[in-house]
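Peer 1: One file is attached below, structure.pdb, containing PDB, C-alpha atoms, pLDDT in the B column.
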```pdb
ATOM      1  CA  ILE Q 215      15.051-194.870  32.336  1.00 66.00           C
ATOM      2  CA  LEU Q 216      12.948-194.330  29.230  1.00 74.00           C
ATOM      3  CA  ASN Q 217      13.425-196.997  26.605  1.00 87.00           C
ATOM      4  CA  VAL Q 218      12.223-197.223  23.023  1.00 94.00           C
ATOM      5  CA  GLU Q 219      12.487-200.596  21.349  1.00 95.00           C
ATOM      6  CA  GLN Q 220      12.059-201.621  17.756  1.00 97.00           C
ATOM      7  CA  SER Q 221      11.590-205.060  16.320  1.00 97.00           C
ATOM      8  CA  PRO Q 222      12.808-206.800  14.392  1.00 96.00           C
ATOM      9  CA  GLN Q 223      16.349-205.435  14.326  1.00 95.00           C
ATOM     10  CA  SER Q 224      16.660-206.339  10.645  1.00 95.00           C
ATOM     11  CA  LEU Q 225      14.442-207.738   7.961  1.00 95.00           C
ATOM     12  CA  HIS Q 226      15.008-209.136   4.484  1.00 96.00           C
ATOM     13  CA  VAL Q 227      11.996-209.404   2.193  1.00 96.00           C
ATOM     14  CA  GLN Q 228      11.425-210.138  -1.459  1.00 97.00           C
ATOM     15  CA  GLU Q 229      10.272-207.391  -3.784  1.00 97.00           C
ATOM     16  CA  GLY Q 230       6.477-207.267  -3.748  1.00 97.00           C
ATOM     17  CA  ASP Q 231       6.117-208.641  -0.222  1.00 97.00           C
ATOM     18  CA  SER Q 232       4.309-206.607   2.385  1.00 96.00           C
ATOM     19  CA  THR Q 233       5.966-206.163   5.726  1.00 96.00           C
ATOM     20  CA  ASN Q 234       5.530-204.494   9.075  1.00 95.00           C
ATOM     21  CA  PHE Q 235       7.590-203.668  12.116  1.00 94.00           C
ATOM     22  CA  THR Q 236       7.012-202.430  15.618  1.00 98.00           C
ATOM     23  CA  CYS Q 237       8.052-199.560  17.827  1.00 98.00           C
ATOM     24  CA  SER Q 238       7.436-199.945  21.578  1.00 97.00           C
ATOM     25  CA  PHE Q 239       7.602-196.974  23.923  1.00 95.00           C
ATOM     26  CA  PRO Q 240       6.549-196.005  27.451  1.00 91.00           C
ATOM     27  CA  SER Q 241       2.801-195.482  27.712  1.00 86.00           C
ATOM     28  CA  SER Q 242       3.137-192.642  30.228  1.00 86.00           C
ATOM     29  CA  ASN Q 243       4.022-189.017  29.479  1.00 84.00           C
ATOM     30  CA  PHE Q 244       3.348-189.536  25.792  1.00 88.00           C
ATOM     31  CA  TYR Q 245       3.434-186.467  23.576  1.00 89.00           C
ATOM     32  CA  ALA Q 246       4.246-187.647  20.064  1.00 91.00           C
ATOM     33  CA  LEU Q 247       5.746-190.442  18.021  1.00 94.00           C
ATOM     34  CA  HIS Q 248       7.801-189.841  14.902  1.00 94.00           C
ATOM     35  CA  TRP Q 249       8.769-192.316  12.194  1.00 96.00           C
ATOM     36  CA  TYR Q 250      11.831-191.628  10.062  1.00 96.00           C
ATOM     37  CA  ARG Q 251      13.399-193.425   7.113  1.00 96.00           C
ATOM     38  CA  TRP Q 252      17.198-193.358   6.923  1.00 95.00           C
ATOM     39  CA  GLU Q 253      18.730-194.516   3.673  1.00 94.00           C
ATOM     40  CA  THR Q 254      22.438-195.278   3.547  1.00 89.00           C
ATOM     41  CA  ALA Q 255      24.588-192.198   2.869  1.00 86.00           C
ATOM     42  CA  LYS Q 256      21.562-189.907   3.213  1.00 91.00           C
ATOM     43  CA  SER Q 257      19.898-187.939   6.010  1.00 92.00           C
ATOM     44  CA  PRO Q 258      17.002-189.303   8.067  1.00 93.00           C
ATOM     45  CA  GLU Q 259      13.745-188.254   6.463  1.00 94.00           C
ATOM     46  CA  ALA Q 260      10.492-187.833   8.368  1.00 93.00           C
ATOM     47  CA  LEU Q 261       7.662-190.167   7.399  1.00 96.00           C
ATOM     48  CA  PHE Q 262       4.981-189.520  10.004  1.00 95.00           C
ATOM     49  CA  VAL Q 263       4.298-187.526  13.148  1.00 93.00           C
ATOM     50  CA  MET Q 264       1.599-189.140  15.263  1.00 94.00           C
ATOM     51  CA  THR Q 265       0.036-187.651  18.352  1.00 92.00           C
ATOM     52  CA  LEU Q 266      -3.383-189.176  19.021  1.00 91.00           C
ATOM     53  CA  ASN Q 267      -4.251-192.654  20.224  1.00 93.00           C
ATOM     54  CA  GLY Q 268      -5.736-194.564  17.313  1.00 93.00           C
ATOM     55  CA  ASP Q 269      -4.023-192.333  14.737  1.00 93.00           C
ATOM     56  CA  GLU Q 270      -3.488-193.904  11.352  1.00 96.00           C
ATOM     57  CA  LYS Q 271      -1.295-192.194   8.793  1.00 96.00           C
ATOM     58  CA  LYS Q 272      -0.560-193.119   5.209  1.00 96.00           C
ATOM     59  CA  LYS Q 273       1.947-192.004   2.594  1.00 94.00           C
ATOM     60  CA  GLY Q 274       1.801-194.007  -0.611  1.00 95.00           C
ATOM     61  CA  ARG Q 275       2.498-197.650   0.188  1.00 97.00           C
ATOM     62  CA  ILE Q 276       3.594-196.874   3.749  1.00 97.00           C
ATOM     63  CA  SER Q 277       1.208-196.531   6.663  1.00 98.00           C
ATOM     64  CA  ALA Q 278       1.459-196.393  10.440  1.00 98.00           C
ATOM     65  CA  THR Q 279      -0.823-196.890  13.415  1.00 97.00           C
ATOM     66  CA  LEU Q 280      -0.500-195.692  16.981  1.00 97.00           C
ATOM     67  CA  ASN Q 281      -1.658-197.110  20.315  1.00 96.00           C
ATOM     68  CA  THR Q 282      -0.607-194.783  23.110  1.00 95.00           C
ATOM     69  CA  LYS Q 283      -2.430-196.695  25.856  1.00 94.00           C
ATOM     70  CA  GLU Q 284      -0.365-199.827  25.335  1.00 94.00           C
ATOM     71  CA  GLY Q 285       2.710-198.044  23.994  1.00 95.00           C
ATOM     72  CA  TYR Q 286       3.262-199.279  20.474  1.00 96.00           C
ATOM     73  CA  SER Q 287       3.197-198.181  16.860  1.00 97.00           C
ATOM     74  CA  TYR Q 288       3.259-200.312  13.733  1.00 98.00           C
ATOM     75  CA  LEU Q 289       4.741-199.317  10.399  1.00 98.00           C
ATOM     76  CA  TYR Q 290       3.445-201.181   7.348  1.00 97.00           C
ATOM     77  CA  ILE Q 291       4.908-201.279   3.870  1.00 97.00           C
ATOM     78  CA  LYS Q 292       2.702-202.734   1.156  1.00 97.00           C
ATOM     79  CA  GLY Q 293       4.347-204.295  -1.893  1.00 97.00           C
ATOM     80  CA  SER Q 294       7.955-203.570  -0.858  1.00 97.00           C
ATOM     81  CA  GLN Q 295      10.274-202.175  -3.512  1.00 97.00           C
ATOM     82  CA  PRO Q 296      14.096-202.104  -3.538  1.00 96.00           C
ATOM     83  CA  GLU Q 297      13.985-198.351  -2.958  1.00 95.00           C
ATOM     84  CA  ASP Q 298      12.273-199.021   0.383  1.00 96.00           C
ATOM     85  CA  SER Q 299      15.552-200.486   1.647  1.00 97.00           C
ATOM     86  CA  ALA Q 300      16.580-198.308   4.584  1.00 97.00           C
ATOM     87  CA  THR Q 301      16.666-198.153   8.343  1.00 96.00           C
ATOM     88  CA  TYR Q 302      13.340-197.134   9.841  1.00 97.00           C
ATOM     89  CA  LEU Q 303      13.578-195.202  13.086  1.00 96.00           C
ATOM     90  CA  CYS Q 304      10.902-194.301  15.552  1.00 96.00           C
ATOM     91  CA  ALA Q 305      11.311-191.464  18.048  1.00 93.00           C
ATOM     92  CA  PHE Q 306       9.227-190.995  21.159  1.00 90.00           C
ATOM     93  CA  LYS Q 307       8.679-187.490  22.488  1.00 87.00           C
ATOM     94  CA  THR Q 308       7.574-187.069  26.083  1.00 83.00           C
ATOM     95  CA  SER Q 309       5.312-184.399  27.492  1.00 75.00           C
ATOM     96  CA  TYR Q 310       8.380-182.844  29.099  1.00 69.00           C
ATOM     97  CA  ASP Q 311      10.247-182.467  25.789  1.00 69.00           C
ATOM     98  CA  LYS Q 312      12.554-185.435  25.942  1.00 75.00           C
ATOM     99  CA  VAL Q 313      13.125-187.215  22.613  1.00 82.00           C
ATOM    100  CA  ILE Q 314      14.295-190.826  22.574  1.00 88.00           C
ATOM    101  CA  PHE Q 315      15.062-192.711  19.389  1.00 92.00           C
ATOM    102  CA  GLY Q 316      14.712-196.431  18.964  1.00 94.00           C
ATOM    103  CA  PRO Q 317      17.612-198.469  17.563  1.00 94.00           C
ATOM    104  CA  GLY Q 318      15.898-198.839  14.196  1.00 95.00           C
ATOM    105  CA  THR Q 319      14.764-201.673  11.945  1.00 97.00           C
ATOM    106  CA  SER Q 320      17.009-202.266   8.951  1.00 96.00           C
ATOM    107  CA  LEU Q 321      14.971-203.326   5.922  1.00 97.00           C
ATOM    108  CA  SER Q 322      16.493-204.905   2.818  1.00 97.00           C
ATOM    109  CA  VAL Q 323      14.224-205.536  -0.154  1.00 97.00           C
ATOM    110  CA  ILE Q 324      15.641-208.131  -2.498  1.00 95.00           C
ATOM    111  CA  PRO Q 325      14.777-207.627  -6.195  1.00 93.00           C
TER     112      PRO Q 325
ATOM    113  CA  GLU A 288      20.905-173.863  -1.192  1.00 51.00           C
ATOM    114  CA  THR A 289      17.998-175.493   0.587  1.00 65.00           C
ATOM    115  CA  GLY A 290      17.448-177.770   3.568  1.00 92.00           C
ATOM    116  CA  VAL A 291      19.945-178.420   6.325  1.00 96.00           C
ATOM    117  CA  THR A 292      23.653-178.375   5.566  1.00 95.00           C
ATOM    118  CA  GLN A 293      26.564-179.467   7.702  1.00 96.00           C
ATOM    119  CA  THR A 294      30.282-178.869   7.397  1.00 96.00           C
ATOM    120  CA  PRO A 295      32.667-180.506   7.370  1.00 97.00           C
ATOM    121  CA  ARG A 296      31.294-183.868   6.230  1.00 95.00           C
ATOM    122  CA  HIS A 297      34.334-185.701   7.583  1.00 96.00           C
ATOM    123  CA  LEU A 298      36.720-184.687  10.345  1.00 96.00           C
ATOM    124  CA  VAL A 299      39.734-186.412  11.846  1.00 95.00           C
ATOM    125  CA  MET A 300      41.197-184.820  14.929  1.00 92.00           C
ATOM    126  CA  GLY A 301      43.627-185.565  17.700  1.00 89.00           C
ATOM    127  CA  MET A 302      42.652-185.540  21.342  1.00 87.00           C
ATOM    128  CA  THR A 303      44.336-182.188  21.935  1.00 87.00           C
ATOM    129  CA  ASN A 304      42.795-180.393  18.952  1.00 88.00           C
ATOM    130  CA  LYS A 305      39.998-177.856  18.988  1.00 93.00           C
ATOM    131  CA  LYS A 306      37.544-177.960  16.119  1.00 95.00           C
ATOM    132  CA  SER A 307      34.002-176.855  15.349  1.00 97.00           C
ATOM    133  CA  LEU A 308      31.119-178.423  13.485  1.00 97.00           C
ATOM    134  CA  LYS A 309      28.774-176.123  11.637  1.00 98.00           C
ATOM    135  CA  CYS A 310      25.112-176.532  10.784  1.00 97.00           C
ATOM    136  CA  GLU A 311      22.976-174.187   8.725  1.00 97.00           C
ATOM    137  CA  GLN A 312      19.274-174.437   7.942  1.00 96.00           C
ATOM    138  CA  HIS A 313      17.527-172.624   5.117  1.00 93.00           C
ATOM    139  CA  LEU A 314      13.994-173.626   6.081  1.00 93.00           C
ATOM    140  CA  GLY A 315      13.007-170.720   8.299  1.00 92.00           C
ATOM    141  CA  HIS A 316      12.760-173.006  11.331  1.00 92.00           C
ATOM    142  CA  ASN A 317      13.167-171.771  14.877  1.00 89.00           C
ATOM    143  CA  ALA A 318      14.484-174.900  16.618  1.00 89.00           C
ATOM    144  CA  MET A 319      17.766-176.725  16.007  1.00 91.00           C
ATOM    145  CA  TYR A 320      19.216-179.940  17.401  1.00 91.00           C
ATOM    146  CA  TRP A 321      22.498-181.825  17.716  1.00 94.00           C
ATOM    147  CA  TYR A 322      22.422-185.624  17.723  1.00 94.00           C
ATOM    148  CA  LYS A 323      25.149-188.215  18.105  1.00 95.00           C
ATOM    149  CA  GLN A 324      25.061-191.595  16.376  1.00 94.00           C
ATOM    150  CA  SER A 325      27.648-194.003  17.715  1.00 93.00           C
ATOM    151  CA  ALA A 326      28.222-197.390  16.144  1.00 87.00           C
ATOM    152  CA  LYS A 327      25.425-199.844  16.984  1.00 81.00           C
ATOM    153  CA  LYS A 328      23.641-197.354  19.246  1.00 88.00           C
ATOM    154  CA  PRO A 329      20.433-195.375  18.767  1.00 89.00           C
ATOM    155  CA  LEU A 330      20.541-191.710  17.872  1.00 90.00           C
ATOM    156  CA  GLU A 331      21.177-189.683  21.023  1.00 90.00           C
ATOM    157  CA  LEU A 332      19.868-186.165  21.422  1.00 89.00           C
ATOM    158  CA  MET A 333      22.639-183.894  22.710  1.00 92.00           C
ATOM    159  CA  PHE A 334      21.347-180.329  22.583  1.00 91.00           C
ATOM    160  CA  VAL A 335      18.182-178.472  21.601  1.00 88.00           C
ATOM    161  CA  TYR A 336      17.924-174.788  20.842  1.00 88.00           C
ATOM    162  CA  SER A 337      14.578-173.071  20.450  1.00 82.00           C
ATOM    163  CA  LEU A 338      14.527-169.422  19.407  1.00 75.00           C
ATOM    164  CA  GLU A 339      18.300-169.371  19.971  1.00 74.00           C
ATOM    165  CA  GLU A 340      17.991-170.429  23.607  1.00 75.00           C
ATOM    166  CA  ARG A 341      19.195-173.786  24.823  1.00 77.00           C
ATOM    167  CA  VAL A 342      16.245-175.788  26.123  1.00 73.00           C
ATOM    168  CA  GLU A 343      17.722-179.258  26.421  1.00 69.00           C
ATOM    169  CA  ASN A 344      21.119-180.514  27.469  1.00 69.00           C
ATOM    170  CA  ASN A 345      21.198-184.246  27.933  1.00 69.00           C
ATOM    171  CA  SER A 346      24.112-184.464  30.354  1.00 82.00           C
ATOM    172  CA  VAL A 347      26.636-184.040  27.584  1.00 90.00           C
ATOM    173  CA  PRO A 348      30.283-183.734  28.665  1.00 92.00           C
ATOM    174  CA  SER A 349      31.635-180.194  28.724  1.00 91.00           C
ATOM    175  CA  ARG A 350      34.164-181.022  26.008  1.00 94.00           C
ATOM    176  CA  PHE A 351      31.176-180.491  23.668  1.00 95.00           C
ATOM    177  CA  SER A 352      30.073-176.872  23.627  1.00 94.00           C
ATOM    178  CA  PRO A 353      27.140-175.735  21.464  1.00 94.00           C
ATOM    179  CA  GLU A 354      26.564-172.257  20.130  1.00 94.00           C
ATOM    180  CA  CYS A 355      23.508-170.866  18.386  1.00 93.00           C
ATOM    181  CA  PRO A 356      24.202-167.289  17.214  1.00 93.00           C
ATOM    182  CA  ASN A 357      20.911-167.042  15.300  1.00 91.00           C
ATOM    183  CA  SER A 358      18.018-169.266  14.303  1.00 89.00           C
ATOM    184  CA  SER A 359      19.723-170.391  11.086  1.00 94.00           C
ATOM    185  CA  HIS A 360      23.100-171.437  12.455  1.00 96.00           C
ATOM    186  CA  LEU A 361      24.242-173.945  15.027  1.00 96.00           C
ATOM    187  CA  PHE A 362      27.783-174.851  16.007  1.00 97.00           C
ATOM    188  CA  LEU A 363      29.275-177.630  18.066  1.00 97.00           C
ATOM    189  CA  HIS A 364      32.677-176.706  19.459  1.00 97.00           C
ATOM    190  CA  LEU A 365      34.912-179.649  20.262  1.00 95.00           C
ATOM    191  CA  HIS A 366      37.972-179.726  22.519  1.00 93.00           C
ATOM    192  CA  THR A 367      40.036-182.434  24.192  1.00 93.00           C
ATOM    193  CA  LEU A 368      37.829-185.176  22.816  1.00 93.00           C
ATOM    194  CA  GLN A 369      38.285-188.864  23.511  1.00 94.00           C
ATOM    195  CA  PRO A 370      38.431-191.708  20.968  1.00 94.00           C
ATOM    196  CA  GLU A 371      34.991-192.860  22.178  1.00 93.00           C
ATOM    197  CA  ASP A 372      33.572-189.566  20.901  1.00 95.00           C
ATOM    198  CA  SER A 373      34.127-190.814  17.358  1.00 96.00           C
ATOM    199  CA  ALA A 374      30.676-190.929  15.813  1.00 96.00           C
ATOM    200  CA  LEU A 375      28.331-189.401  13.266  1.00 96.00           C
ATOM    201  CA  TYR A 376      27.051-186.031  14.442  1.00 97.00           C
ATOM    202  CA  LEU A 377      23.737-185.004  12.960  1.00 97.00           C
ATOM    203  CA  CYS A 378      22.091-181.616  13.017  1.00 96.00           C
ATOM    204  CA  ALA A 379      18.342-181.155  12.603  1.00 94.00           C
ATOM    205  CA  SER A 380      15.835-178.333  12.586  1.00 93.00           C
ATOM    206  CA  SER A 381      12.092-177.977  13.032  1.00 90.00           C
ATOM    207  CA  GLN A 382       9.386-175.391  13.331  1.00 87.00           C
ATOM    208  CA  ASP A 383       8.749-175.361  17.040  1.00 74.00           C
ATOM    209  CA  ASN A 384       5.676-174.031  18.778  1.00 60.00           C
ATOM    210  CA  ALA A 385       3.567-174.824  21.797  1.00 53.00           C
ATOM    211  CA  TYR A 386       0.667-176.341  19.889  1.00 52.00           C
ATOM    212  CA  ALA A 387       2.170-178.560  17.252  1.00 57.00           C
ATOM    213  CA  VAL A 388       4.678-181.339  17.061  1.00 71.00           C
ATOM    214  CA  ASN A 389       6.563-180.933  13.858  1.00 79.00           C
ATOM    215  CA  GLU A 390       8.898-183.226  12.004  1.00 85.00           C
ATOM    216  CA  GLN A 391      12.594-182.622  12.122  1.00 90.00           C
ATOM    217  CA  PHE A 392      14.691-182.108   9.015  1.00 93.00           C
ATOM    218  CA  PHE A 393      18.157-183.593   9.252  1.00 95.00           C
ATOM    219  CA  GLY A 394      21.454-182.607   7.730  1.00 95.00           C
ATOM    220  CA  PRO A 395      23.828-185.135   6.156  1.00 94.00           C
ATOM    221  CA  GLY A 396      25.987-185.373   9.266  1.00 95.00           C
ATOM    222  CA  THR A 397      29.668-184.996  10.108  1.00 97.00           C
ATOM    223  CA  ARG A 398      31.621-188.228  10.482  1.00 96.00           C
ATOM    224  CA  LEU A 399      34.081-187.516  13.298  1.00 96.00           C
ATOM    225  CA  THR A 400      37.111-189.648  14.091  1.00 96.00           C
ATOM    226  CA  VAL A 401      39.163-188.892  17.188  1.00 94.00           C
ATOM    227  CA  LEU A 402      42.649-190.381  17.179  1.00 92.00           C
TER     228      LEU A 402
END
```
Would you kindly transcribe this structure into structure tokens?
Peer 2:
Amino acid sequence: ILNVEQSPQSLHVQEGDSTNFTCSFPSSNFYALHWYRWETAKSPEALFVMTLNGDEKKKGRISATLNTKEGYSYLYIKGSQPEDSATYLCAFKTSYDKVIFGPGTSLSVIP
Amino acid sequence: ETGVTQTPRHLVMGMTNKKSLKCEQHLGHNAMYWYKQSAKKPLELMFVYSLEERVENNSVPSRFSPECPNSSHLFLHLHTLQPEDSALYLCASSQDNAYAVNEQFFGPGTRLTVL
């Protein structure tokens, strides 16, 4: 059974703090890893698509790294703002087209 | 209208009803997806259509029946559902090809309650 885990389950940080969370996935049959941000009452929105071991992607204050050999990805947010409050989902895509989402990390940024 | 739209946004139905969920994408994508989000569970992929052909069916009960008449529209036909089928149903689309892994664009979802 393929399993994607995310930690922590939830996180509360003060505005201006930097934070990071983890997505763990099987290291075999890797094809791609997606990160999504899902704000309450909105649709999930893609942040990054990562395919290569050692990939680093950045969008503004948010960045992500990928280690396919050990099966993890980190998402970093620098200087968190209240508008960063959301659930962050990772999704693992296998080489045989299966897509498995993690349970998400719920981030609350306190002003 | 742009992006991915879903109707209805909310649906309450009895176990003997038949209803359909509709998804439409205006992004020119060629792949569409149905997901289910149950309370306190991860998003579950239900069906994938690529170029209007079903390519993934994750052992979904037959009371859920997808239909993809063209690359812009996707339906999920529902009949004799159970209360445990109450969930948020999300539609997504992407540009699918053999050489690239592209992000998915999600609709706002249909909140389904089965009484």
Peer 1: By how many Å are CA of Tyr290 in chain Q and CA of Ser277 in chain Q apart?
Peer 2: 5.2 Å
Peer 1: To test your reading of the syntax: which residues would the ChimeraX specification (/Q :<8) & /A return for the file shown? Reply as a PyMOL selection string.
Peer 2: chain A and resi 327-332+388-396
Peer 1: Could the centre and edge lengths of an axis-aligned box, enclosing all atoms of range 325-338 of chain A in the file with 6 Å extra on each side, be given in Å to one decimal as JSON?
Peer 2:
```
{"center_x": 21.4, "center_y": -184.6, "center_z": 19.4, "size_x": 25.7, "size_y": 42.4, "size_z": 18.6}
```
Peer 1: Which residues match the PyMOL selection byres ((chain Q and resi 285) around 9) in the file above, as a VMD selection string?
Peer 2: chain Q and resid 237 to 242 244 280 to 284 286 to 287
Peer 1: Using the chain letters and residue numbers of this document, give as a PyMOL selection string the residues selected by the PyMOL selection byres ((chain A and resi 344-357) around 10).
Peer 2: (chain Q and resi 312) or (chain A and resi 305+307-311+317+319-321+331-343+358-369+372)
Peer 1: As a CSV table (one decimal) with C-alpha atoms, in the coordinates of the input, please: the residues near Pro325 in chain Q (cut-off 10 Å, only C-alpha atoms, same-chain neighbours under 3 positions excluded).
Peer 2:
```
chain,number,residue,atom,x,y,z
Q,227,VAL,CA,12.0,-209.4,2.2
Q,228,GLN,CA,11.4,-210.1,-1.5
Q,229,GLU,CA,10.3,-207.4,-3.8
Q,230,GLY,CA,6.5,-207.3,-3.7
Q,294,SER,CA,8.0,-203.6,-0.9
Q,295,GLN,CA,10.3,-202.2,-3.5
Q,296,PRO,CA,14.1,-202.1,-3.5
Q,297,GLU,CA,14.0,-198.4,-3.0
Q,322,SER,CA,16.5,-204.9,2.8
```
Peer 1: Considering only C-alpha atoms, return as a list in words whatever protein or nucleic-acid residues lie within 10 Å of Val401 in chain A, sequence-local ones (same chain, fewer than 3 positions apart) excluded.
Peer 2: Leu298, Val299, Met300, Gly301, Met302, Thr303, Asn304, Thr367, Leu368, Gln369, Pro370, Glu371, Asp372, Ser373 and Ala374 of chain A
Peer 1: Would you work out the distance separating CA of Thr308 in chain Q from CA of Leu216 in chain Q, expressed in Å to one decimal?
Peer 2: 9.6 Å
Peer 1: CA of His226 in chain Q to CA of Ala278 in chain Q: how many Å, to one decimal?
Peer 2: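 That distance, rounded to one decimal, is 19.5 Å.
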Peer 1: Can you list, as a PyMOL selection string, every protein, DNA or RNA residue that comes within 10 Å of Gln223 in chain Q when you count only C-alpha atoms, leaving out same-chain residues fewer than 6 positions away?
Peer 2: chain Q and resi 235-236+301-302+317-321
Peer 1: Could you give me, as an NGL selection string, the residues that have an atom at most 8 Å away from the point (13.2, -174.1, 7.9) in the coordinates of the file, using all atoms listed in the file?
Peer 2: :A and (290 or 312-317 or 380-382)
Peer 1: Counting all atoms listed in the file, what is within 9 Å of His297 in chain A, bar same-chain residues fewer than 3 positions away, as a list in words?
Peer 2: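 Contacts, in chain order: Thr294, Gly396, Thr397, Arg398, Leu399 and Thr400 of chain A.
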